[in-house]
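Report on one structure; see the data block that follows.
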Amino acid sequence: QVQLVESGGGLVQTGGSLRLSCAASGSIFRINAMAWYRQAPGKQRELVAAIASGGSTSYADSVKGRFTISRDNAKNTVYLQMNSLKPEDTAVYYCYVPLYGMDYWGKGTLVTVSS
């Protein structure tokens with residue numbers, strides 16, 4: 001069993017910054033990909049950013065240049081640094097890890113950007 005625990009969400013003004021963290025624990029030998037998704041009210045969940053075990057990254061076009069995903073493999077932790085936040089970034093952010101043929105999700109952390 002694998003558990004994912006996110007932290008770092010909150011309320012921030014337009015243009016502000018937040019840093020999300022997600023720590024994985026449990027029966028883990030090696031994590032390959034880690035990712036952040038988000039779901040805004042009334043919208044489908046969407047991929048925000050992903051990072052492979054070697055460090056290669058990918059981003060949604062809407063966050064390129066503003067968000068940075070990183071990871072600490074020794075701590076099985078993935079981070080999402082969010083800068084220049086906009087009201088449209090308001091959503092619940094979920095950590096995602098595919099592992100051993102299963103999909104693991106965190107419970108989510110709410111990010112609210114006020115205008």
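We label chains A, B, ... in the order they appear in the structure tokens, count residues from 1 in each chain, and number ligands from 1 in the order shown.
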Subject >> Sel. of strand (DSSP E) residues, chain A, as a ChimeraX atom specification >> reply: /A:2-7,10-13,18-26,34-39,46-51,57-59,67-72,77-82,91-99,102-105,109-114
**OP:** Output as an MDAnalysis selection string all residues of range 43-104 of chain A that backbone DSSP marks as helix (DSSP H, G or I).
**Re:** chainID A and resid 73:75 87:89
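CA of Tyr59 in chain A to CA of Gln1 in chain A spans 28.1 Å [interatomic distance, one decimal].
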Per residue of range 52-74 of chain A within 12 Å of range 89-98 of chain A, what are the shortest atom pair and its distance in Å to one decimal, counting only C-alpha atoms, with rows by chain and residue number, as a Markdown table?
```
| residue | atom | partner | partner_atom | distance |
| --- | --- | --- | --- | --- |
| A:Ala52 | CA | A:Val97 | CA | 10.5 |
| A:Ser53 | CA | A:Val97 | CA | 11.4 |
| A:Ala60 | CA | A:Asp89 | CA | 11.9 |
| A:Ser62 | CA | A:Asp89 | CA | 9.0 |
| A:Val63 | CA | A:Asp89 | CA | 8.7 |
| A:Arg66 | CA | A:Asp89 | CA | 10.9 |
| A:Phe67 | CA | A:Asp89 | CA | 10.7 |
| A:Ile69 | CA | A:Cys95 | CA | 11.4 |
```
Could those selected residues go to a file with all heavy atoms, as a CSV table (one decimal), in the first residue's frame?
```csv
chain,number,residue,atom,x,y,z
A,52,ALA,N,9.9,12.7,-14.4
A,52,ALA,CA,10.3,11.4,-14.4
A,52,ALA,C,11.4,11.2,-13.4
A,52,ALA,O,11.9,12.2,-12.8
A,52,ALA,CB,10.9,11.0,-15.8
A,53,SER,N,11.8,9.9,-13.1
A,53,SER,CA,12.8,9.7,-12.1
A,53,SER,C,14.1,10.3,-12.4
A,53,SER,O,14.9,10.7,-11.5
A,53,SER,CB,13.0,8.2,-11.9
A,53,SER,OG,13.4,7.6,-13.2
A,60,ALA,N,1.7,21.6,-18.6
A,60,ALA,CA,0.5,22.1,-19.3
A,60,ALA,C,0.9,23.4,-19.9
A,60,ALA,O,1.6,24.2,-19.2
A,60,ALA,CB,-0.7,22.2,-18.4
A,62,SER,N,-0.8,26.0,-20.0
A,62,SER,CA,-1.3,27.1,-19.2
A,62,SER,C,-0.4,27.5,-18.0
A,62,SER,O,-0.6,28.6,-17.4
A,62,SER,CB,-2.7,26.7,-18.7
A,62,SER,OG,-2.6,25.6,-17.9
A,63,VAL,N,0.6,26.6,-17.7
A,63,VAL,CA,1.4,26.9,-16.5
A,63,VAL,C,2.9,27.0,-16.9
A,63,VAL,O,3.7,27.3,-16.0
A,63,VAL,CB,1.3,25.8,-15.4
A,63,VAL,CG1,-0.2,25.7,-15.0
A,63,VAL,CG2,1.9,24.5,-15.8
A,66,ARG,N,5.6,29.5,-15.4
A,66,ARG,CA,5.1,30.0,-14.0
A,66,ARG,C,5.3,28.9,-13.0
A,66,ARG,O,5.6,29.2,-11.8
A,66,ARG,CB,3.7,30.4,-14.1
A,66,ARG,CG,3.4,31.5,-15.1
A,66,ARG,CD,2.0,32.0,-15.0
A,66,ARG,NE,1.0,31.0,-15.3
A,66,ARG,CZ,0.0,30.6,-14.4
A,66,ARG,NH1,-0.1,31.1,-13.2
A,66,ARG,NH2,-0.8,29.6,-14.8
A,67,PHE,N,5.1,27.6,-13.3
A,67,PHE,CA,5.2,26.5,-12.4
A,67,PHE,C,6.5,25.7,-12.6
A,67,PHE,O,6.9,25.6,-13.8
A,67,PHE,CB,4.0,25.6,-12.5
A,67,PHE,CG,2.7,26.2,-12.1
A,67,PHE,CD1,2.5,27.6,-11.8
A,67,PHE,CD2,1.6,25.4,-11.9
A,67,PHE,CE1,1.3,28.1,-11.4
A,67,PHE,CE2,0.3,25.9,-11.5
A,67,PHE,CZ,0.2,27.2,-11.2
A,69,ILE,N,8.1,21.9,-11.4
A,69,ILE,CA,8.0,20.6,-10.7
A,69,ILE,C,9.4,20.1,-10.4
A,69,ILE,O,10.3,20.3,-11.2
A,69,ILE,CB,7.1,19.6,-11.5
A,69,ILE,CG1,6.8,18.4,-10.6
A,69,ILE,CG2,7.8,19.2,-12.8
A,69,ILE,CD1,5.8,17.4,-11.2
```
**OP:** Tell me which protein, DNA and RNA residues are within 12 Å of Gln3 in chain A, counting only C-alpha atoms, leaving out same-chain ones fewer than 4 positions away, and put them as number ranges by chain.
**Re:** A: 22-28, 76-77, 95-99, 103-107
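With only C-alpha atoms taken into account, the protein and nucleic acid residues at most 10 Å from Val113 in chain A (excluding it and anything under 5 positions from it in its own chain) are Gly10, Leu11, Val12, Gln13, Thr14, Gly15, Gly16, Ser17, Leu85, Lys86, Pro87, Glu88, Asp89, Thr90 and Ala91 of chain A.
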Written file, previous selection with N, CA and C atoms, as a PDB file, in the first residue's frame:
```
ATOM      1  N   GLY A  10      -3.484  26.847  -0.092  1.00  0.00           N
ATOM      2  CA  GLY A  10      -3.976  27.966   0.698  1.00  0.00           C
ATOM      3  C   GLY A  10      -4.536  29.061  -0.177  1.00  0.00           C
ATOM      4  N   LEU A  11      -4.729  30.205   0.451  1.00  0.00           N
ATOM      5  CA  LEU A  11      -5.281  31.382  -0.235  1.00  0.00           C
ATOM      6  C   LEU A  11      -4.154  32.356  -0.534  1.00  0.00           C
ATOM      7  N   VAL A  12      -4.101  32.825  -1.768  1.00  0.00           N
ATOM      8  CA  VAL A  12      -3.057  33.759  -2.169  1.00  0.00           C
ATOM      9  C   VAL A  12      -3.647  34.764  -3.152  1.00  0.00           C
ATOM     10  N   GLN A  13      -3.068  35.934  -3.197  1.00  0.00           N
ATOM     11  CA  GLN A  13      -3.538  36.951  -4.128  1.00  0.00           C
ATOM     12  C   GLN A  13      -2.940  36.728  -5.515  1.00  0.00           C
ATOM     13  N   THR A  14      -3.595  37.294  -6.509  1.00  0.00           N
ATOM     14  CA  THR A  14      -3.070  37.237  -7.874  1.00  0.00           C
ATOM     15  C   THR A  14      -1.631  37.739  -7.904  1.00  0.00           C
ATOM     16  N   GLY A  15      -0.784  36.968  -8.577  1.00  0.00           N
ATOM     17  CA  GLY A  15       0.622  37.314  -8.662  1.00  0.00           C
ATOM     18  C   GLY A  15       1.481  36.696  -7.578  1.00  0.00           C
ATOM     19  N   GLY A  16       0.842  36.085  -6.614  1.00  0.00           N
ATOM     20  CA  GLY A  16       1.568  35.487  -5.508  1.00  0.00           C
ATOM     21  C   GLY A  16       2.127  34.114  -5.836  1.00  0.00           C
ATOM     22  N   SER A  17       2.726  33.481  -4.835  1.00  0.00           N
ATOM     23  CA  SER A  17       3.369  32.177  -5.009  1.00  0.00           C
ATOM     24  C   SER A  17       2.959  31.217  -3.909  1.00  0.00           C
ATOM     25  N   LEU A  85       0.711  33.443  -9.764  1.00  0.00           N
ATOM     26  CA  LEU A  85      -0.576  32.762  -9.753  1.00  0.00           C
ATOM     27  C   LEU A  85      -1.695  33.660 -10.254  1.00  0.00           C
ATOM     28  N   LYS A  86      -2.650  33.022 -10.935  1.00  0.00           N
ATOM     29  CA  LYS A  86      -3.800  33.715 -11.509  1.00  0.00           C
ATOM     30  C   LYS A  86      -5.082  33.126 -10.928  1.00  0.00           C
ATOM     31  N   PRO A  87      -6.165  33.870 -10.963  1.00  0.00           N
ATOM     32  CA  PRO A  87      -7.441  33.316 -10.462  1.00  0.00           C
ATOM     33  C   PRO A  87      -7.816  31.996 -11.137  1.00  0.00           C
ATOM     34  N   GLU A  88      -7.475  31.836 -12.395  1.00  0.00           N
ATOM     35  CA  GLU A  88      -7.800  30.596 -13.104  1.00  0.00           C
ATOM     36  C   GLU A  88      -6.971  29.401 -12.634  1.00  0.00           C
ATOM     37  N   ASP A  89      -5.991  29.628 -11.781  1.00  0.00           N
ATOM     38  CA  ASP A  89      -5.239  28.523 -11.181  1.00  0.00           C
ATOM     39  C   ASP A  89      -5.966  27.947  -9.958  1.00  0.00           C
ATOM     40  N   THR A  90      -7.043  28.591  -9.545  1.00  0.00           N
ATOM     41  CA  THR A  90      -7.818  28.109  -8.410  1.00  0.00           C
ATOM     42  C   THR A  90      -8.359  26.715  -8.690  1.00  0.00           C
ATOM     43  N   ALA A  91      -8.035  25.775  -7.806  1.00  0.00           N
ATOM     44  CA  ALA A  91      -8.425  24.380  -8.011  1.00  0.00           C
ATOM     45  C   ALA A  91      -7.968  23.562  -6.807  1.00  0.00           C
TER      46      ALA A  91
END
```
**OP:** Counting only C-alpha atoms, figure out which residue out of A:Thr57, A:Ser21, A:Thr68, A:Thr112 gets nearest to Ser7 in chain A.
**Re:**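 Checking each of A:Thr57, A:Ser21, A:Thr68, A:Thr112 against Ser7 in chain A, counting only C-alpha atoms, the winner is A:Ser21.
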Original post:
Between CA of Gly101 in chain A and CA of Met34 in chain A, what is the spacing in Å?
Top reply: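 We find that CA of Met34 in chain A and CA of Gly101 in chain A lie 13.8 Å from each other.
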Original post:
Do you know which residues are at most 8 Å from Arg19 in chain A counting only C-alpha atoms, after dropping those on the same chain fewer than 5 positions away, and could you put them as a PyMOL selection string?
Top reply: chain A and resi 8-9+79-82
**OP:** For CA of Trp36 in chain A and CA of Ser84 in chain A, quote the distance in Å rounded to one decimal.
**Re:** 17.5 Å
Original post:
Between A:Val78, A:Ile51, A:Val2, A:Val111, which one has atoms that come closest to Arg38 in chain A, using only C-alpha atoms?
Top reply: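 Between A:Val78, A:Ile51, A:Val2, A:Val111, the residue approaching Arg38 in chain A most closely is A:Val111.
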